[in-house]
$ cat my_file_6.cif   # mmCIF, C-alpha atoms and all ligand atoms
data_start
loop_
_atom_site.label_atom_id
_atom_site.label_comp_id
_atom_site.auth_asym_id
_atom_site.auth_seq_id
_atom_site.Cartn_x
_atom_site.Cartn_y
_atom_site.Cartn_z
CA MET A 186 178.90 167.88 213.44
CA THR A 187 175.56 169.70 213.49
CA PRO A 188 173.94 170.43 210.11
CA THR A 189 174.48 174.16 210.71
CA GLU A 190 178.19 173.67 211.36
CA LEU A 191 178.48 171.35 208.36
CA LEU A 192 176.90 173.96 206.07
CA ARG A 193 179.12 176.72 207.43
CA LEU A 194 182.26 174.69 206.68
CA ASP A 195 180.86 173.64 203.29
CA ARG A 196 180.29 177.27 202.35
CA ALA A 197 183.75 178.32 203.49
CA HIS A 198 185.90 175.52 202.08
CA VAL A 199 184.13 173.15 199.72
CA TRP A 200 183.79 173.82 196.03
CA HIS A 201 180.65 172.41 194.36
CA PRO A 202 179.99 171.85 190.63
CA TYR A 203 179.66 175.08 188.61
CA ALA A 204 179.50 177.09 191.83
CA PRO A 205 181.15 180.21 193.21
CA MET A 206 183.46 180.25 196.25
CA PRO A 207 182.37 180.94 198.91
CA GLY A 208 179.05 179.16 198.27
CA GLN A 209 175.92 181.29 197.86
CA VAL A 210 173.10 178.74 198.12
CA ASP A 211 173.12 176.04 200.79
CA PRO A 212 173.18 172.53 199.32
CA TYR A 213 170.89 169.87 200.83
CA VAL A 214 172.71 167.64 203.28
CA VAL A 215 172.28 163.94 202.44
CA GLU A 216 172.70 161.43 205.22
CA SER A 217 172.10 158.21 203.31
CA ALA A 218 170.58 156.81 200.15
CA ALA A 219 168.85 153.51 199.41
CA GLY A 220 166.92 152.33 196.37
CA THR A 221 165.39 155.42 194.76
CA ARG A 222 165.46 157.50 197.96
CA LEU A 223 167.76 160.13 199.40
CA THR A 224 167.46 160.71 203.15
CA LEU A 225 168.33 164.25 204.16
CA ALA A 226 169.85 165.31 207.48
CA ASP A 227 166.58 167.06 208.40
CA GLY A 228 164.77 163.72 208.11
CA ARG A 229 163.10 164.37 204.77
CA GLU A 230 163.10 161.55 202.24
CA LEU A 231 163.25 162.52 198.56
CA ILE A 232 162.75 160.36 195.47
CA ASP A 233 165.87 160.86 193.39
CA GLY A 234 164.88 162.06 189.93
CA MET A 235 168.49 162.50 188.78
CA SER A 236 170.19 159.13 189.44
CA SER A 237 173.20 161.18 190.51
CA TRP A 238 173.66 162.58 186.98
CA TRP A 239 172.71 159.47 184.96
CA ALA A 240 174.84 157.11 187.01
CA ALA A 241 172.83 155.25 189.67
CA ILE A 242 170.79 153.13 187.25
CA HIS A 243 170.08 150.32 189.74
CA GLY A 244 169.35 152.61 192.69
CA TYR A 245 171.47 153.18 195.80
CA ARG A 246 172.79 150.45 198.11
CA HIS A 247 171.82 147.71 195.71
CA PRO A 248 172.64 144.45 197.55
CA ALA A 249 174.54 142.95 194.58
CA LEU A 250 176.62 146.09 194.05
CA ASP A 251 177.33 146.52 197.76
CA ALA A 252 178.41 142.87 197.94
CA ALA A 253 180.75 143.26 194.94
CA VAL A 254 182.56 146.18 196.59
CA VAL A 255 182.83 144.43 199.96
CA ASP A 256 184.07 141.23 198.33
CA GLN A 257 186.72 143.10 196.33
CA LEU A 258 187.74 145.09 199.42
CA GLY A 259 188.67 141.76 201.03
CA ARG A 260 191.20 141.09 198.24
CA MET A 261 192.66 144.50 197.33
CA SER A 262 191.35 148.03 196.84
CA HIS A 263 193.94 149.06 194.34
CA VAL A 264 197.21 148.12 192.70
CA MET A 265 199.03 149.99 189.95
CA PHE A 266 198.14 148.86 186.41
CA GLY A 267 201.61 149.31 184.87
CA GLY A 268 203.10 145.81 184.67
CA LEU A 269 200.28 144.32 186.77
CA THR A 270 196.82 143.13 185.87
CA HIS A 271 193.88 141.52 187.67
CA ALA A 272 190.66 139.65 187.11
CA PRO A 273 188.20 142.52 187.79
CA ALA A 274 189.75 144.68 185.03
CA VAL A 275 190.18 141.87 182.51
CA GLU A 276 186.66 140.62 183.14
CA LEU A 277 185.27 144.15 182.71
CA CYS A 278 187.10 144.75 179.44
CA ARG A 279 185.93 141.39 178.09
CA ARG A 280 182.33 142.27 178.96
CA LEU A 281 182.55 145.75 177.44
CA VAL A 282 183.92 144.34 174.18
CA GLU A 283 181.07 141.82 174.17
CA LEU A 284 178.30 144.37 174.92
CA THR A 285 179.36 147.28 172.72
CA PRO A 286 178.85 147.38 168.92
CA ASP A 287 180.80 144.75 166.93
CA GLY A 288 184.30 145.82 166.03
CA LEU A 289 185.25 147.67 169.22
CA GLU A 290 187.95 145.34 170.56
CA HIS A 291 190.35 147.32 172.74
CA VAL A 292 189.62 149.07 176.03
CA PHE A 293 191.48 151.85 177.84
CA LEU A 294 190.25 152.22 181.44
CA CYS A 295 190.44 155.65 183.02
CA ASP A 296 189.10 157.71 185.89
CA SER A 297 186.27 159.86 184.60
CA GLY A 298 184.24 160.72 181.56
CA SER A 299 186.25 163.82 180.71
CA VAL A 300 189.48 161.85 180.85
CA SER A 301 188.01 159.16 178.59
CA VAL A 302 187.30 161.90 176.03
CA GLU A 303 190.87 163.18 176.40
CA VAL A 304 192.06 159.62 175.75
CA ALA A 305 189.78 159.34 172.71
CA VAL A 306 191.24 162.57 171.31
CA LYS A 307 194.77 161.38 172.02
CA MET A 308 194.06 158.07 170.27
CA ALA A 309 192.67 159.84 167.21
CA LEU A 310 195.48 162.39 166.91
CA GLN A 311 198.19 159.84 167.53
CA HIS A 312 196.64 157.45 165.01
CA TRP A 313 197.03 160.05 162.24
CA ARG A 314 200.48 161.16 163.43
CA SER A 315 201.72 157.57 163.36
CA ARG A 316 200.31 157.14 159.88
CA GLY A 317 202.30 160.14 158.67
CA ARG A 318 199.43 162.63 158.63
CA PRO A 319 200.09 164.91 161.65
CA GLU A 320 198.13 167.74 160.01
CA LYS A 321 194.95 165.76 160.77
CA ARG A 322 194.61 167.08 164.32
CA ARG A 323 191.39 169.10 164.43
CA LEU A 324 188.05 167.81 165.66
CA ALA A 325 184.59 168.33 164.19
CA THR A 326 181.30 168.14 166.02
CA TRP A 327 177.81 169.58 165.90
CA ARG A 328 176.60 172.36 168.14
CA GLY A 329 174.63 171.64 171.31
CA GLY A 330 177.02 168.99 172.63
CA TYR A 331 178.68 168.36 175.97
CA HIS A 332 181.81 166.26 176.37
CA GLY A 333 183.22 167.19 179.77
CA ASP A 334 185.09 169.91 181.58
CA THR A 335 188.80 169.37 180.85
CA PHE A 336 190.26 171.40 177.99
CA HIS A 337 189.95 169.20 174.91
CA PRO A 338 186.43 168.06 175.84
CA MET A 339 185.51 171.72 176.51
CA SER A 340 186.69 172.66 173.02
CA VAL A 341 183.95 170.44 171.49
CA CYS A 342 181.20 171.47 173.92
CA ASP A 343 178.55 173.79 172.52
CA PRO A 344 180.35 177.07 171.83
CA ASP A 345 177.49 179.17 173.28
CA GLY A 346 176.73 177.11 176.40
CA GLY A 347 180.27 175.81 176.87
CA MET A 348 182.12 178.90 178.09
CA HIS A 349 184.08 179.28 174.83
CA GLN A 350 183.86 183.05 175.37
CA LEU A 351 185.74 182.75 178.65
CA TRP A 352 188.38 180.47 177.15
CA ARG A 353 188.97 182.27 173.89
CA GLY A 354 192.64 181.92 172.93
CA VAL A 355 193.09 178.91 175.21
CA LEU A 356 190.80 176.29 173.69
CA PRO A 357 191.85 174.68 170.42
CA SER A 358 189.59 175.86 167.61
CA GLN A 359 187.39 173.05 166.35
CA LEU A 360 184.95 172.78 163.46
CA PHE A 361 181.25 173.14 164.36
CA ALA A 362 178.26 172.06 162.27
CA PRO A 363 174.77 173.29 163.17
CA PRO A 364 172.98 171.20 165.81
CA PRO A 365 171.27 168.06 164.51
CA PRO A 366 167.56 168.65 163.77
CA ASP A 367 165.27 167.71 166.68
CA GLY A 368 163.26 164.55 166.99
CA PHE A 369 164.21 160.91 167.52
CA ASP A 370 161.47 159.82 165.10
CA ALA A 371 161.89 162.64 162.58
CA PRO A 372 163.14 161.56 159.14
CA ALA A 373 166.67 162.68 158.29
CA ASP A 374 166.75 166.13 156.72
CA PRO A 375 168.78 165.91 153.48
CA ALA A 376 169.56 169.65 153.60
CA TYR A 377 171.16 169.23 157.04
CA VAL A 378 173.12 166.20 155.87
CA SER A 379 174.49 168.14 152.92
CA ILE A 380 175.67 170.98 155.19
CA VAL A 381 177.59 168.47 157.31
CA ALA A 382 178.90 166.66 154.22
CA ASP A 383 180.14 169.92 152.79
CA ALA A 384 181.92 170.97 156.00
CA LEU A 385 183.60 167.59 156.47
CA GLY A 386 184.59 167.44 152.80
CA ARG A 387 186.20 170.89 152.87
CA HIS A 388 188.14 170.24 156.09
CA ALA A 389 188.93 166.52 155.67
CA ASP A 390 192.69 167.14 155.39
CA GLU A 391 192.91 168.70 158.83
CA LEU A 392 190.29 166.58 160.63
CA ALA A 393 191.36 163.74 162.93
CA ALA A 394 187.89 162.86 164.14
CA VAL A 395 184.23 163.72 164.36
CA ILE A 396 183.01 163.46 167.96
CA VAL A 397 179.32 163.48 168.90
CA GLU A 398 176.91 162.28 171.53
CA PRO A 399 174.73 159.81 169.67
CA VAL A 400 170.91 160.29 169.76
CA VAL A 401 170.80 162.35 172.98
CA GLN A 402 172.69 165.58 173.55
CA GLY A 403 172.71 165.66 177.34
CA ALA A 404 174.18 168.51 179.35
CA GLY A 405 174.36 170.67 176.20
CA GLY A 406 170.55 170.97 176.08
CA MET A 407 168.80 167.59 176.52
CA ARG A 408 167.85 167.28 172.86
CA PHE A 409 167.09 164.11 170.87
CA HIS A 410 167.89 163.47 167.20
CA SER A 411 167.34 160.75 164.65
CA PRO A 412 169.75 157.78 164.59
CA ALA A 413 169.77 158.29 160.81
CA TYR A 414 172.29 161.13 161.27
CA LEU A 415 174.71 158.69 162.88
CA ARG A 416 174.58 156.48 159.80
CA GLU A 417 175.27 159.55 157.68
CA LEU A 418 178.23 160.49 159.87
CA ARG A 419 179.59 156.95 159.55
CA ARG A 420 179.31 157.13 155.76
CA LEU A 421 180.91 160.59 155.55
CA CYS A 422 183.77 159.72 157.93
CA ASP A 423 184.56 156.60 155.87
CA GLU A 424 184.44 158.63 152.68
CA HIS A 425 186.81 161.32 153.97
CA ASP A 426 189.20 159.28 156.13
CA ILE A 427 188.05 160.79 159.43
CA LEU A 428 187.65 158.77 162.64
CA LEU A 429 184.21 158.70 164.26
CA VAL A 430 183.99 159.00 168.05
CA PHE A 431 180.75 158.38 169.97
CA ASP A 432 180.59 159.84 173.46
CA GLU A 433 178.14 157.43 175.15
CA ILE A 434 179.04 158.56 178.66
CA ALA A 435 175.43 159.64 179.31
CA THR A 436 173.58 157.38 176.84
CA GLY A 437 175.33 154.09 177.60
CA PHE A 438 173.86 151.16 179.53
CA GLY A 439 170.23 151.34 178.48
CA ARG A 440 169.22 154.92 179.24
CA THR A 441 167.73 155.64 175.79
CA GLY A 442 165.94 152.29 175.46
CA ALA A 443 168.80 150.57 173.59
CA LEU A 444 171.85 149.26 175.45
CA PHE A 445 173.95 151.88 173.64
CA ALA A 446 172.59 154.75 171.56
CA ALA A 447 174.76 153.51 168.67
CA ASP A 448 172.53 150.41 168.60
CA HIS A 449 169.56 152.55 167.48
CA ALA A 450 171.56 153.28 164.32
CA GLY A 451 173.36 149.97 163.92
CA VAL A 452 176.61 151.91 163.64
CA THR A 453 180.05 151.06 165.07
CA PRO A 454 182.16 154.14 165.82
CA ASP A 455 185.96 153.89 165.64
CA ILE A 456 186.21 155.05 169.23
CA MET A 457 183.60 155.02 172.00
CA CYS A 458 183.63 156.66 175.45
CA LEU A 459 181.76 155.18 178.41
CA GLY A 460 181.40 156.43 181.98
CA LYS A 461 178.64 157.55 184.36
CA ALA A 462 176.47 154.40 184.71
CA LEU A 463 179.46 152.10 184.10
CA THR A 464 179.78 151.37 187.84
CA GLY A 465 176.07 151.71 188.56
CA GLY A 466 176.94 155.07 190.10
CA TYR A 467 179.21 153.67 192.82
CA LEU A 468 182.70 154.85 191.84
CA SER A 469 184.33 157.03 189.24
CA LEU A 470 185.38 154.91 186.27
CA ALA A 471 185.33 155.41 182.51
CA ALA A 472 186.49 153.54 179.45
CA THR A 473 187.59 154.42 175.94
CA LEU A 474 187.11 151.60 173.42
CA CYS A 475 188.50 151.47 169.90
CA VAL A 476 188.56 149.30 166.79
CA PRO A 477 191.77 147.41 165.89
CA ALA A 478 192.56 149.82 163.02
CA VAL A 479 192.98 152.71 165.48
CA ALA A 480 195.30 150.70 167.71
CA ALA A 481 197.21 149.40 164.68
CA GLY A 482 197.70 152.95 163.41
CA ILE A 483 199.19 154.00 166.74
CA ALA A 484 201.40 150.89 166.86
CA GLN A 485 203.06 151.66 163.51
CA GLY A 486 204.33 155.07 164.67
CA GLU A 487 207.77 156.19 165.78
CA VAL A 488 206.31 156.20 169.30
CA PRO A 489 204.26 153.01 169.13
CA VAL A 490 202.59 153.26 172.54
CA LEU A 491 199.57 155.18 173.75
CA ALA A 492 201.32 157.43 176.24
CA HIS A 493 198.63 157.66 178.88
CA GLY A 494 198.42 155.93 182.26
CA PRO A 495 196.35 157.29 185.12
CA THR A 496 197.54 156.38 188.63
CA PHE A 497 194.22 154.73 189.42
CA MET A 498 193.85 153.03 186.02
CA GLY A 499 191.77 149.87 186.24
CA ASN A 500 190.95 150.40 189.92
CA PRO A 501 189.83 146.95 191.15
CA LEU A 502 187.01 148.23 193.39
CA ALA A 503 185.54 150.24 190.53
CA CYS A 504 185.97 147.36 188.05
CA ALA A 505 184.36 144.89 190.48
CA VAL A 506 181.28 147.03 190.96
CA ALA A 507 181.12 147.73 187.21
CA ASN A 508 181.10 143.96 186.60
CA ALA A 509 178.28 143.55 189.11
CA SER A 510 176.31 146.38 187.49
CA ILE A 511 176.71 144.82 184.03
CA GLU A 512 175.70 141.47 185.52
CA LEU A 513 172.44 143.10 186.66
CA LEU A 514 171.88 144.38 183.12
CA ALA A 515 172.69 140.99 181.61
CA ASP A 516 169.28 139.42 182.29
CA GLY A 517 167.72 142.11 180.09
CA ALA A 518 165.08 143.19 182.64
CA TRP A 519 166.30 146.80 182.21
CA ARG A 520 164.66 146.85 178.78
CA ALA A 521 161.16 146.37 180.21
CA ASP A 522 161.93 148.78 183.06
CA VAL A 523 163.09 151.54 180.71
CA ALA A 524 160.06 150.97 178.43
CA ARG A 525 157.71 151.13 181.44
CA ILE A 526 159.39 154.32 182.72
CA GLU A 527 159.21 155.85 179.22
CA ALA A 528 155.45 155.16 179.00
CA SER A 529 154.87 156.50 182.47
CA LEU A 530 156.97 159.65 181.86
CA ARG A 531 154.92 160.32 178.72
CA THR A 532 151.68 160.00 180.67
CA SER A 533 152.85 162.18 183.56
CA LEU A 534 154.63 164.89 181.58
CA SER A 535 152.47 165.33 178.49
CA PRO A 536 149.75 167.31 180.37
CA LEU A 537 152.45 169.94 181.04
CA GLY A 538 152.71 170.51 177.30
CA GLY A 539 150.19 173.37 177.29
CA ALA A 540 151.11 174.81 180.70
CA PRO A 541 152.05 178.51 181.02
CA GLY A 542 155.78 179.05 180.59
CA VAL A 543 156.37 175.56 179.14
CA THR A 544 157.69 175.48 175.57
CA ASP A 545 158.33 171.76 175.06
CA VAL A 546 157.94 168.36 176.66
CA ARG A 547 159.98 165.42 175.39
CA VAL A 548 160.64 161.88 176.51
CA LEU A 549 163.03 159.20 175.24
CA GLY A 550 163.74 156.00 177.14
CA ALA A 551 164.15 156.80 180.82
CA ILE A 552 164.71 160.51 180.14
CA GLY A 553 162.00 163.13 180.62
CA VAL A 554 162.49 166.81 179.78
CA VAL A 555 160.31 169.88 180.29
CA GLN A 556 161.66 173.00 178.61
CA LEU A 557 160.61 176.44 179.85
CA ALA A 558 160.40 179.82 178.12
CA ALA A 559 162.95 181.23 180.59
CA PRO A 560 165.76 179.82 182.75
CA ALA A 561 164.47 177.99 185.83
CA PRO A 562 165.45 179.88 189.01
CA LEU A 563 167.51 177.07 190.48
CA ALA A 564 166.82 177.47 194.20
CA VAL A 565 163.09 178.11 193.66
CA ALA A 566 162.58 175.20 191.27
CA THR A 567 164.61 172.79 193.42
CA ALA A 568 162.69 173.77 196.54
CA ALA A 569 159.33 173.30 194.79
CA ALA A 570 160.36 169.80 193.70
CA ALA A 571 161.65 168.95 197.18
CA GLU A 572 158.35 170.17 198.63
CA ALA A 573 156.73 167.57 196.34
CA GLY A 574 159.13 164.94 197.70
CA VAL A 575 161.51 164.73 194.74
CA TRP A 576 165.15 165.66 194.11
CA LEU A 577 165.58 167.51 190.82
CA ARG A 578 168.44 169.69 189.61
CA PRO A 579 167.28 171.86 186.68
CA PHE A 580 169.78 173.62 184.45
CA ARG A 581 169.19 176.66 182.28
CA ASP A 582 165.59 176.43 180.97
CA LEU A 583 165.37 172.66 181.48
CA ILE A 584 163.65 170.70 184.22
CA TYR A 585 164.44 167.09 183.57
CA THR A 586 164.67 163.62 185.05
CA MET A 587 166.55 160.42 184.38
CA PRO A 588 165.37 158.17 187.20
CA SER A 589 166.94 154.88 188.18
CA TYR A 590 165.55 151.85 186.33
CA VAL A 591 164.16 150.45 189.59
CA ALA A 592 161.84 153.45 190.12
CA GLU A 593 158.27 152.20 190.40
CA THR A 594 155.46 153.64 188.33
CA GLY A 595 154.04 155.45 191.37
CA GLU A 596 157.43 157.09 191.89
CA ILE A 597 157.61 158.17 188.24
CA GLU A 598 154.18 159.78 188.70
CA ARG A 599 155.47 161.65 191.74
CA ILE A 600 158.52 162.78 189.76
CA GLY A 601 156.17 164.01 187.01
CA ALA A 602 154.11 165.93 189.57
CA ALA A 603 157.27 167.46 191.05
CA ILE A 604 158.47 168.56 187.61
CA GLY A 605 155.06 170.23 187.17
CA ALA A 606 155.43 171.93 190.56
CA ALA A 607 158.96 173.11 189.70
CA ALA A 608 157.77 174.45 186.32
CA ARG A 609 154.86 176.33 187.96
CA ALA A 610 157.12 177.78 190.65
CA SER A 611 159.57 178.93 187.97
CA THR A 612 156.86 180.61 185.90
CA GLN A 613 155.36 182.29 188.99
CA HIS A 614 158.80 183.48 190.01
CA HIS A 615 159.35 185.11 186.62
CA GLN A 616 155.90 186.75 186.76
CA ALA A 617 156.55 188.02 190.30
CA VAL A 618 159.90 189.59 189.38
CA GLY A 619 158.38 191.01 186.23
CA HIS A 620 160.03 189.07 183.40
C1 LIG B 1 179.09 163.68 182.05
C2 LIG B 1 179.58 163.63 180.66
C3 LIG B 1 180.96 163.76 180.38
C4 LIG B 1 181.99 164.03 181.44
O1 LIG B 1 182.09 163.00 182.36
P1 LIG B 1 182.77 163.29 183.81
O2 LIG B 1 182.81 161.94 184.46
O3 LIG B 1 181.86 164.26 184.49
O4 LIG B 1 184.12 163.86 183.54
C5 LIG B 1 181.35 163.68 179.04
N1 LIG B 1 180.46 163.46 178.06
C6 LIG B 1 179.14 163.31 178.31
C7 LIG B 1 178.21 163.05 177.18
C8 LIG B 1 178.66 163.41 179.60
O5 LIG B 1 177.35 163.30 179.84
#
$ encode --input "my_file_6.cif" --output "structure tokens"
Amino acid sequence: MTPTELLRLDRAHVWHPYAPMPGQVDPYVVESAAGTRLTLADGRELIDGMSSWWAAIHGYRHPALDAAVVDQLGRMSHVMFGGLTHAPAVELCRRLVELTPDGLEHVFLCDSGSVSVEVAVKMALQHWRSRGRPEKRRLATWRGGYHGDTFHPMSVCDPDGGMHQLWRGVLPSQLFAPPPPDGFDAPADPAYVSIVADALGRHADELAAVIVEPVVQGAGGMRFHSPAYLRELRRLCDEHDILLVFDEIATGFGRTGALFAADHAGVTPDIMCLGKALTGGYLSLAATLCVPAVAAGIAQGEVPVLAHGPTFMGNPLACAVANASIELLADGAWRADVARIEASLRTSLSPLGGAPGVTDVRVLGAIGVVQLAAPAPLAVATAAAAEAGVWLRPFRDLIYTMPSYVAETGEIERIGAAIGAAARASTQHHQAVGH
């Protein structure tokens, strides 16, 4: 198939994320990927600044990950998980229990991040139902979050950015606190804490759970907050008999400089969602972990089982590559890599702080964000980055990167330069069209 033919068929038949049908803007055709590089059909090679949406933390075609998939393929690709079990899944669950904060003991494997949030919600609601408190079925969160695209996750996404307008009357109505104050290093604001305390106190009787992304709000706006707020949430949830759910789908596996964002706070949630980097970006897999009290609550109900069971639950190929990815993290080298990338992102991005059209520059772990005064024109900004040899995918007013941990310092500098180029192109575009 020629690239032209491929793009014609893509436009006519293939739906892309958050895109209209038929397609309006041609996507870039990728032929292969290795290490930090994407090779396009036109021969260009781009440094991947996105790690395929947080997932490819070890880079593409990593020999150990490739070998794990091939090895597992020689035994079985998949078997149903009802009534059957296998070493890759058991090994993965054992490792996840070991790596995650103390107290999380039980693991539900599922297909994607959104589904893991659905499972977390189901666990929380069923826990209270089984304990004779079915009226505790609402969720609370803070604004600015993102938890996925299926309906319950959507209901706790930021109400302004999360299409709540479109889904009015369909989405369950949840309780929203203001967004957490900005700044990983900022001291906790007692006034903010008392607003949250007041809201949770007033609604405790109807709340099943508080669900938040700890430390980094990702697709809701790429904002960072103090781990101190997580300790406050833990205290308030204990006080008011509300479960605490951490969505670590984006933050898990080292991205923020700690293995899990919860580790910055020293807090164990009652339920935790993992996904994205779980398989090193190879296959779709997610996990919902919980503490024994949540499972025990469900077990004492009239219906004592968690009635959920995806067809591809515990997929052996996905579990095998997840085990290999965790094995790569086990030697701890990621910690130095993330620290090195953080330092190098600070050096490369901070000069953009005073640039025209740039309102903020922030870095945490292997995450770099440049915020603009106006939305980045997607095609223009992407093309400017590609011209500079880097793949970036801005959203709204944010040009950001979360490179793979194997990116070398020279590559981080090139990503920084490309972010600068994309920001300049965006600003010039707005000036040219008269905004
Ligand atoms: C990506 C993401 C999800 C959704 O995961 P999918 O695998 O895309 O369904 C949920 N929560 C957070 C924090 C995410 O970053």
$ closest_residue --input "my_file_6.cif" --among "A:Lys307, A:Arg222, A:His614, A:Arg408" --to "ligand LIG 1 (chain B)" --atoms "only C-alpha atoms and all ligand atoms"
A:Arg408
$ axis_aligned_box --input "my_file_6.cif" --around "ligand LIG 1 (chain B)" --padding-each-side "6 Å" --output "lines of an AutoDock Vina configuration file"
center_x = 180.7
center_y = 163.1
center_z = 180.8
size_x = 18.8
size_y = 14.3
size_z = 19.3
$ closest_atom_pairs --input "my_file_6.cif" --of "chain A" --to "ligand LIG 1 (chain B)" --cutoff "8 Å" --atoms "all atoms listed in the file" --output "Markdown table"
| residue | atom | partner | partner_atom | distance |
| --- | --- | --- | --- | --- |
| A:Trp238 | CA | B:LIG1 | C1 | 7.4 |
| A:Trp239 | CA | B:LIG1 | O5 | 7.9 |
| A:Asp296 | CA | B:LIG1 | O2 | 7.7 |
| A:Ser297 | CA | B:LIG1 | O2 | 4.0 |
| A:Gly298 | CA | B:LIG1 | O1 | 3.2 |
| A:Ser299 | CA | B:LIG1 | O4 | 3.5 |
| A:Val300 | CA | B:LIG1 | O4 | 6.3 |
| A:Ser301 | CA | B:LIG1 | O4 | 7.9 |
| A:Val302 | CA | B:LIG1 | C5 | 6.9 |
| A:Gly330 | CA | B:LIG1 | C7 | 7.6 |
| A:Tyr331 | CA | B:LIG1 | C7 | 5.5 |
| A:His332 | CA | B:LIG1 | N1 | 3.5 |
| A:Gly333 | CA | B:LIG1 | C4 | 3.8 |
| A:Asp334 | CA | B:LIG1 | O4 | 6.4 |
| A:Thr335 | CA | B:LIG1 | O4 | 7.7 |
| A:Pro338 | CA | B:LIG1 | C5 | 7.4 |
| A:Glu398 | CA | B:LIG1 | C7 | 5.8 |
| A:Gln402 | CA | B:LIG1 | C7 | 7.1 |
| A:Gly403 | CA | B:LIG1 | O5 | 5.8 |
| A:Ala404 | CA | B:LIG1 | O5 | 6.1 |
| A:Asp432 | CA | B:LIG1 | C7 | 5.5 |
| A:Glu433 | CA | B:LIG1 | C7 | 6.0 |
| A:Ile434 | CA | B:LIG1 | C6 | 4.8 |
| A:Ala435 | CA | B:LIG1 | O5 | 4.2 |
| A:Thr436 | CA | B:LIG1 | C7 | 7.3 |
| A:Cys458 | CA | B:LIG1 | N1 | 7.9 |
| A:Gly460 | CA | B:LIG1 | O2 | 6.2 |
| A:Lys461 | CA | B:LIG1 | O2 | 6.1 |
| A:Ser469 | CA | B:LIG1 | O2 | 7.0 |
| A:Leu470 | CA | B:LIG1 | O2 | 7.7 |
| A:Ala471 | CA | B:LIG1 | O2 | 7.3 |
$ atom_distance --input "my_file_6.cif" --atom1 "atom CA of A:Ile427" --atom2 "atom CA of A:Met457"
14.5 Å
$ atom_distance --input "my_file_6.cif" --atom1 "atom CA of A:Arg316" --atom2 "atom CA of A:Gly482"
6.1 Å
$ residues_around --input "my_file_6.cif" --residues "A:Ala569" --least-positions-apart "3" --cutoff "6 Å" --atoms "all atoms listed in the file" --output "PyMOL selection string"
chain A and resi 566+572+606-607
$ write_last_selection --input "my_file_6.cif" --atoms "C-alpha atoms" --output "tab-separated table (two decimals), in the coordinates of the input"
chain	number	residue	atom	x	y	z
A	566	ALA	CA	162.58	175.20	191.27
A	572	GLU	CA	158.35	170.17	198.63
A	606	ALA	CA	155.43	171.93	190.56
A	607	ALA	CA	158.96	173.11	189.70
$ closest_residue --input "my_file_6.cif" --among "A:Pro344, A:Pro205, A:Gly234, A:Gly595" --to "A:Val554" --atoms "only C-alpha atoms"
A:Gly234
$ atom_distance --input "my_file_6.cif" --atom1 "atom CA of A:Leu514" --atom2 "atom CA of A:Gly442"
12.5 Å
$ closest_residue --input "my_file_6.cif" --among "A:Ala507, A:Val618, A:Ala518, A:Ala218" --to "A:Ser237" --atoms "only C-alpha atoms"
A:Ala218
$ residues_around --input "my_file_6.cif" --residues "A:Arg420" --least-positions-apart "6" --cutoff "10 Å" --atoms "all atoms listed in the file" --output "JSON, numbers by chain"
{"A": [382, 414, 429, 452]}
$ write_last_selection --input "my_file_6.cif" --atoms "C-alpha atoms" --output "mmCIF file, in the coordinates of the input"
data_model
loop_
_atom_site.group_PDB
_atom_site.id
_atom_site.type_symbol
_atom_site.label_atom_id
_atom_site.label_comp_id
_atom_site.auth_asym_id
_atom_site.auth_seq_id
_atom_site.Cartn_x
_atom_site.Cartn_y
_atom_site.Cartn_z
ATOM 1 C CA ALA A 382 178.900 166.660 154.220
ATOM 2 C CA TYR A 414 172.290 161.130 161.270
ATOM 3 C CA LEU A 429 184.210 158.700 164.260
ATOM 4 C CA VAL A 452 176.610 151.910 163.640
#
$ residues_around --input "my_file_6.cif" --residues "A:Gly486" --least-positions-apart "4" --cutoff "12 Å" --atoms "all atoms listed in the file" --output "list in words"
Leu310, Gln311, His312, Trp313, Arg314, Ser315, Arg316, Gly317, Arg318, Pro319, Val479, Ala480, Ala481, Gly482, Val490 and Leu491 of chain A
$ closest_residue --input "my_file_6.cif" --among "A:Val546, A:Leu530, A:Val254, A:Cys475" --to "A:His291" --atoms "only C-alpha atoms"
A:Cys475
$ closest_residue --input "my_file_6.cif" --among "A:Ala564, A:Met587, A:Ala450, A:Ala325" --to "A:Leu549" --atoms "only C-alpha atoms"
A:Met587
$ closest_residue --input "my_file_6.cif" --among "A:Gln350, A:Gln209, A:Thr473, A:Ser411" --to "A:Phe293" --atoms "only C-alpha atoms"
A:Thr473
$ residues_around --input "my_file_6.cif" --residues "A:Gly259" --least-positions-apart "6" --cutoff "12 Å" --atoms "all atoms listed in the file" --output "PyMOL selection string"
chain A and resi 252-253+501-502+505
